[in-house]
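K.L.:
So here's start-v9.pdb, just PDB, N, CA and C atoms, pLDDT in the B column:
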```
ATOM      1  N   MET A   5      30.678  19.625  21.767  1.00 65.00           N
ATOM      2  CA  MET A   5      29.875  20.389  20.815  1.00 65.00           C
ATOM      3  C   MET A   5      29.596  19.574  19.552  1.00 65.00           C
ATOM      4  N   LYS A   6      30.656  18.919  19.036  1.00 67.00           N
ATOM      5  CA  LYS A   6      30.464  18.114  17.836  1.00 67.00           C
ATOM      6  C   LYS A   6      29.545  16.932  18.109  1.00 67.00           C
ATOM      7  N   LYS A   7      29.666  16.371  19.322  1.00 70.00           N
ATOM      8  CA  LYS A   7      28.800  15.240  19.659  1.00 70.00           C
ATOM      9  C   LYS A   7      27.333  15.667  19.686  1.00 70.00           C
ATOM     10  N   LEU A   8      27.075  16.860  20.185  1.00 69.00           N
ATOM     11  CA  LEU A   8      25.700  17.354  20.187  1.00 69.00           C
ATOM     12  C   LEU A   8      25.172  17.518  18.771  1.00 69.00           C
ATOM     13  N   LEU A   9      26.003  18.071  17.894  1.00 71.00           N
ATOM     14  CA  LEU A   9      25.573  18.242  16.504  1.00 71.00           C
ATOM     15  C   LEU A   9      25.334  16.897  15.839  1.00 71.00           C
ATOM     16  N   LEU A  10      26.231  15.939  16.095  1.00 73.00           N
ATOM     17  CA  LEU A  10      26.064  14.616  15.496  1.00 73.00           C
ATOM     18  C   LEU A  10      24.810  13.931  16.020  1.00 73.00           C
ATOM     19  N   SER A  11      24.542  14.055  17.309  1.00 81.00           N
ATOM     20  CA  SER A  11      23.340  13.416  17.852  1.00 81.00           C
ATOM     21  C   SER A  11      22.078  14.077  17.283  1.00 81.00           C
ATOM     22  N   GLU A  12      22.105  15.399  17.100  1.00 78.00           N
ATOM     23  CA  GLU A  12      20.950  16.067  16.491  1.00 78.00           C
ATOM     24  C   GLU A  12      20.766  15.631  15.049  1.00 78.00           C
ATOM     25  N   GLU A  13      21.867  15.485  14.316  1.00 77.00           N
ATOM     26  CA  GLU A  13      21.772  15.015  12.930  1.00 77.00           C
ATOM     27  C   GLU A  13      21.223  13.594  12.887  1.00 77.00           C
ATOM     28  N   ASN A  14      21.671  12.755  13.808  1.00 80.00           N
ATOM     29  CA  ASN A  14      21.170  11.380  13.853  1.00 80.00           C
ATOM     30  C   ASN A  14      19.677  11.350  14.132  1.00 80.00           C
ATOM     31  N   GLU A  15      19.213  12.209  15.033  1.00 81.00           N
ATOM     32  CA  GLU A  15      17.777  12.263  15.327  1.00 81.00           C
ATOM     33  C   GLU A  15      16.990  12.711  14.099  1.00 81.00           C
ATOM     34  N   ILE A  16      17.510  13.696  13.391  1.00 81.00           N
ATOM     35  CA  ILE A  16      16.822  14.173  12.186  1.00 81.00           C
ATOM     36  C   ILE A  16      16.776  13.064  11.135  1.00 81.00           C
ATOM     37  N   LEU A  17      17.890  12.343  10.976  1.00 80.00           N
ATOM     38  CA  LEU A  17      17.913  11.242  10.011  1.00 80.00           C
ATOM     39  C   LEU A  17      16.933  10.148  10.404  1.00 80.00           C
ATOM     40  N   LYS A  18      16.846   9.846  11.694  1.00 82.00           N
ATOM     41  CA  LYS A  18      15.908   8.814  12.148  1.00 82.00           C
ATOM     42  C   LYS A  18      14.473   9.239  11.866  1.00 82.00           C
ATOM     43  N   GLU A  19      14.168  10.522  12.093  1.00 82.00           N
ATOM     44  CA  GLU A  19      12.814  11.013  11.810  1.00 82.00           C
ATOM     45  C   GLU A  19      12.503  10.913  10.321  1.00 82.00           C
ATOM     46  N   LYS A  20      13.489  11.260   9.477  1.00 80.00           N
ATOM     47  CA  LYS A  20      13.264  11.162   8.029  1.00 80.00           C
ATOM     48  C   LYS A  20      13.076   9.712   7.615  1.00 80.00           C
ATOM     49  N   GLU A  21      13.881   8.796   8.192  1.00 81.00           N
ATOM     50  CA  GLU A  21      13.754   7.379   7.845  1.00 81.00           C
ATOM     51  C   GLU A  21      12.410   6.831   8.298  1.00 81.00           C
ATOM     52  N   SER A  22      11.975   7.219   9.495  1.00 86.00           N
ATOM     53  CA  SER A  22      10.693   6.708   9.966  1.00 86.00           C
ATOM     54  C   SER A  22       9.551   7.238   9.096  1.00 86.00           C
ATOM     55  N   LEU A  23       9.654   8.493   8.661  1.00 85.00           N
ATOM     56  CA  LEU A  23       8.639   9.041   7.759  1.00 85.00           C
ATOM     57  C   LEU A  23       8.650   8.292   6.429  1.00 85.00           C
ATOM     58  N   PHE A  24       9.844   8.012   5.910  1.00 87.00           N
ATOM     59  CA  PHE A  24       9.956   7.270   4.658  1.00 87.00           C
ATOM     60  C   PHE A  24       9.381   5.871   4.815  1.00 87.00           C
ATOM     61  N   ASP A  25       9.662   5.213   5.950  1.00 91.00           N
ATOM     62  CA  ASP A  25       9.110   3.884   6.197  1.00 91.00           C
ATOM     63  C   ASP A  25       7.588   3.921   6.242  1.00 91.00           C
ATOM     64  N   LYS A  26       7.032   4.952   6.886  1.00 91.00           N
ATOM     65  CA  LYS A  26       5.572   5.070   6.944  1.00 91.00           C
ATOM     66  C   LYS A  26       4.984   5.260   5.557  1.00 91.00           C
ATOM     67  N   ILE A  27       5.635   6.100   4.751  1.00 92.00           N
ATOM     68  CA  ILE A  27       5.136   6.334   3.391  1.00 92.00           C
ATOM     69  C   ILE A  27       5.167   5.045   2.581  1.00 92.00           C
ATOM     70  N   VAL A  28       6.256   4.286   2.698  1.00 93.00           N
ATOM     71  CA  VAL A  28       6.373   3.028   1.955  1.00 93.00           C
ATOM     72  C   VAL A  28       5.299   2.042   2.408  1.00 93.00           C
ATOM     73  N   LYS A  29       5.073   1.965   3.711  1.00 94.00           N
ATOM     74  CA  LYS A  29       4.050   1.040   4.217  1.00 94.00           C
ATOM     75  C   LYS A  29       2.664   1.430   3.717  1.00 94.00           C
ATOM     76  N   VAL A  30       2.360   2.714   3.741  1.00 95.00           N
ATOM     77  CA  VAL A  30       1.044   3.165   3.281  1.00 95.00           C
ATOM     78  C   VAL A  30       0.874   2.895   1.792  1.00 95.00           C
ATOM     79  N   LEU A  31       1.915   3.167   0.997  1.00 96.00           N
ATOM     80  CA  LEU A  31       1.822   2.906  -0.445  1.00 96.00           C
ATOM     81  C   LEU A  31       1.657   1.416  -0.731  1.00 96.00           C
ATOM     82  N   PHE A  32       2.383   0.571   0.010  1.00 95.00           N
ATOM     83  CA  PHE A  32       2.253  -0.867  -0.173  1.00 95.00           C
ATOM     84  C   PHE A  32       0.845  -1.325   0.194  1.00 95.00           C
ATOM     85  N   LEU A  33       0.314  -0.772   1.279  1.00 96.00           N
ATOM     86  CA  LEU A  33      -1.041  -1.131   1.691  1.00 96.00           C
ATOM     87  C   LEU A  33      -2.067  -0.708   0.645  1.00 96.00           C
ATOM     88  N   ILE A  34      -1.901   0.492   0.095  1.00 96.00           N
ATOM     89  CA  ILE A  34      -2.820   0.971  -0.939  1.00 96.00           C
ATOM     90  C   ILE A  34      -2.734   0.079  -2.177  1.00 96.00           C
ATOM     91  N   MET A  35      -1.506  -0.300  -2.575  1.00 96.00           N
ATOM     92  CA  MET A  35      -1.346  -1.175  -3.745  1.00 96.00           C
ATOM     93  C   MET A  35      -1.991  -2.535  -3.487  1.00 96.00           C
ATOM     94  N   PHE A  36      -1.800  -3.077  -2.286  1.00 96.00           N
ATOM     95  CA  PHE A  36      -2.356  -4.395  -1.962  1.00 96.00           C
ATOM     96  C   PHE A  36      -3.878  -4.354  -1.976  1.00 96.00           C
ATOM     97  N   ILE A  37      -4.455  -3.350  -1.324  1.00 97.00           N
ATOM     98  CA  ILE A  37      -5.915  -3.236  -1.278  1.00 97.00           C
ATOM     99  C   ILE A  37      -6.468  -2.967  -2.673  1.00 97.00           C
ATOM    100  N   GLY A  38      -5.780  -2.124  -3.441  1.00 96.00           N
ATOM    101  CA  GLY A  38      -6.235  -1.823  -4.796  1.00 96.00           C
ATOM    102  C   GLY A  38      -6.230  -3.048  -5.694  1.00 96.00           C
ATOM    103  N   SER A  39      -5.172  -3.846  -5.610  1.00 97.00           N
ATOM    104  CA  SER A  39      -5.120  -5.046  -6.450  1.00 97.00           C
ATOM    105  C   SER A  39      -6.196  -6.043  -6.021  1.00 97.00           C
ATOM    106  N   TYR A  40      -6.443  -6.138  -4.716  1.00 96.00           N
ATOM    107  CA  TYR A  40      -7.501  -7.025  -4.230  1.00 96.00           C
ATOM    108  C   TYR A  40      -8.858  -6.573  -4.752  1.00 96.00           C
ATOM    109  N   LEU A  41      -9.115  -5.267  -4.696  1.00 97.00           N
ATOM    110  CA  LEU A  41     -10.398  -4.753  -5.174  1.00 97.00           C
ATOM    111  C   LEU A  41     -10.556  -4.957  -6.681  1.00 97.00           C
ATOM    112  N   ILE A  42      -9.467  -4.824  -7.419  1.00 97.00           N
ATOM    113  CA  ILE A  42      -9.525  -5.057  -8.862  1.00 97.00           C
ATOM    114  C   ILE A  42      -9.865  -6.524  -9.144  1.00 97.00           C
ATOM    115  N   LEU A  43      -9.226  -7.438  -8.419  1.00 97.00           N
ATOM    116  CA  LEU A  43      -9.524  -8.859  -8.621  1.00 97.00           C
ATOM    117  C   LEU A  43     -10.976  -9.181  -8.275  1.00 97.00           C
ATOM    118  N   VAL A  44     -11.465  -8.640  -7.173  1.00 97.00           N
ATOM    119  CA  VAL A  44     -12.863  -8.871  -6.782  1.00 97.00           C
ATOM    120  C   VAL A  44     -13.807  -8.275  -7.830  1.00 97.00           C
ATOM    121  N   GLY A  45     -13.466  -7.102  -8.338  1.00 96.00           N
ATOM    122  CA  GLY A  45     -14.303  -6.476  -9.358  1.00 96.00           C
ATOM    123  C   GLY A  45     -14.352  -7.282 -10.637  1.00 96.00           C
ATOM    124  N   ILE A  46     -13.201  -7.797 -11.076  1.00 97.00           N
ATOM    125  CA  ILE A  46     -13.170  -8.614 -12.290  1.00 97.00           C
ATOM    126  C   ILE A  46     -13.974  -9.890 -12.089  1.00 97.00           C
ATOM    127  N   ALA A  47     -13.800 -10.542 -10.928  1.00 96.00           N
ATOM    128  CA  ALA A  47     -14.546 -11.776 -10.664  1.00 96.00           C
ATOM    129  C   ALA A  47     -16.046 -11.508 -10.633  1.00 96.00           C
ATOM    130  N   SER A  48     -16.443 -10.412 -10.007  1.00 96.00           N
ATOM    131  CA  SER A  48     -17.867 -10.073  -9.949  1.00 96.00           C
ATOM    132  C   SER A  48     -18.415  -9.779 -11.340  1.00 96.00           C
ATOM    133  N   PHE A  49     -17.650  -9.069 -12.148  1.00 96.00           N
ATOM    134  CA  PHE A  49     -18.093  -8.756 -13.500  1.00 96.00           C
ATOM    135  C   PHE A  49     -18.243 -10.031 -14.334  1.00 96.00           C
ATOM    136  N   LYS A  50     -17.255 -10.930 -14.222  1.00 95.00           N
ATOM    137  CA  LYS A  50     -17.334 -12.182 -14.987  1.00 95.00           C
ATOM    138  C   LYS A  50     -18.530 -13.021 -14.526  1.00 95.00           C
ATOM    139  N   LEU A  51     -18.776 -13.058 -13.221  1.00 93.00           N
ATOM    140  CA  LEU A  51     -19.923 -13.806 -12.708  1.00 93.00           C
ATOM    141  C   LEU A  51     -21.229 -13.203 -13.212  1.00 93.00           C
ATOM    142  N   LEU A  52     -21.327 -11.887 -13.172  1.00 94.00           N
ATOM    143  CA  LEU A  52     -22.527 -11.214 -13.664  1.00 94.00           C
ATOM    144  C   LEU A  52     -22.710 -11.460 -15.158  1.00 94.00           C
ATOM    145  N   GLU A  53     -21.621 -11.407 -15.911  1.00 93.00           N
ATOM    146  CA  GLU A  53     -21.674 -11.662 -17.342  1.00 93.00           C
ATOM    147  C   GLU A  53     -22.163 -13.083 -17.623  1.00 93.00           C
ATOM    148  N   HIS A  54     -21.674 -14.036 -16.836  1.00 92.00           N
ATOM    149  CA  HIS A  54     -22.088 -15.435 -17.009  1.00 92.00           C
ATOM    150  C   HIS A  54     -23.561 -15.598 -16.677  1.00 92.00           C
ATOM    151  N   ILE A  55     -24.021 -14.945 -15.622  1.00 92.00           N
ATOM    152  CA  ILE A  55     -25.439 -15.034 -15.241  1.00 92.00           C
ATOM    153  C   ILE A  55     -26.318 -14.424 -16.323  1.00 92.00           C
ATOM    154  N   ILE A  56     -25.889 -13.320 -16.899  1.00 92.00           N
ATOM    155  CA  ILE A  56     -26.691 -12.674 -17.954  1.00 92.00           C
ATOM    156  C   ILE A  56     -26.753 -13.569 -19.195  1.00 92.00           C
ATOM    157  N   LYS A  57     -25.618 -14.205 -19.537  1.00 91.00           N
ATOM    158  CA  LYS A  57     -25.592 -15.055 -20.741  1.00 91.00           C
ATOM    159  C   LYS A  57     -26.392 -16.341 -20.554  1.00 91.00           C
ATOM    160  N   TYR A  58     -26.120 -17.053 -19.453  1.00 91.00           N
ATOM    161  CA  TYR A  58     -26.635 -18.413 -19.310  1.00 91.00           C
ATOM    162  C   TYR A  58     -27.725 -18.553 -18.251  1.00 91.00           C
ATOM    163  N   GLY A  59     -28.067 -17.520 -17.544  1.00 86.00           N
ATOM    164  CA  GLY A  59     -29.031 -17.629 -16.465  1.00 86.00           C
ATOM    165  C   GLY A  59     -28.338 -18.105 -15.190  1.00 86.00           C
ATOM    166  N   ILE A  60     -29.091 -18.154 -14.105  1.00 80.00           N
ATOM    167  CA  ILE A  60     -28.502 -18.495 -12.807  1.00 80.00           C
ATOM    168  C   ILE A  60     -28.064 -19.959 -12.777  1.00 80.00           C
ATOM    169  N   LEU A  61     -28.866 -20.864 -13.343  1.00 77.00           N
ATOM    170  CA  LEU A  61     -28.551 -22.286 -13.246  1.00 77.00           C
ATOM    171  C   LEU A  61     -27.703 -22.773 -14.413  1.00 77.00           C
ATOM    172  N   GLY A  62     -27.488 -21.950 -15.417  1.00 64.00           N
ATOM    173  CA  GLY A  62     -26.802 -22.392 -16.615  1.00 64.00           C
ATOM    174  C   GLY A  62     -25.334 -22.434 -16.432  1.00 64.00           C
TER     175      GLY A  62
END
```
Spell out the structure here as structure tokens.

P.N.:
Amino acid sequence: MKKLLLSEENEILKEKESLFDKIVKVLFLIMFIGSYLILVGIASFKLLEHIIKYGILG
């Protein structure tokens, strides 16, 4: 009886850990994509600013 309870508790803990792992992976992915988009946005803005100031060939 105790073994059954322990195995059920272990399964519940594994499900919680896997859910936590998924949440961490998704948050890390969102942070990575967000930082990449911010860098691309800053680079695009600086390039546009340079083109407006000095022209395309300047």

K.L.:
In Å, with one decimal, what is the gap from atom N of Asp25 (chain A) to atom C of Gly38 (chain A)?

P.N.:
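Atom C of Gly38 (chain A) lies 21.4 Å from atom N of Asp25 (chain A).
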
K.L.:
For region 30-36 of chain A, take all atoms listed in the file, fit an axis-aligned box around them, add 8 Å to each of the six sides, then output centre and edge lengths in Å rounded to one decimal, as JSON.

P.N.:
```
{"center_x": -0.7, "center_y": -0.6, "center_z": 0.0, "size_x": 22.3, "size_y": 23.6, "size_z": 23.5}
```

K.L.:
Please report the interatomic distance between atom N of Leu33 (chain A) and atom C of Leu51 (chain A) in Å with one decimal.

P.N.:
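Rounded to one decimal, the two atoms are 28.8 Å apart.
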
K.L.:
CA of Leu10 (chain A) and CA of Lys29 (chain A), how far apart in Å?

P.N.:
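Result for CA of Lys29 (chain A) versus CA of Leu10 (chain A): 28.2 Å, one decimal.
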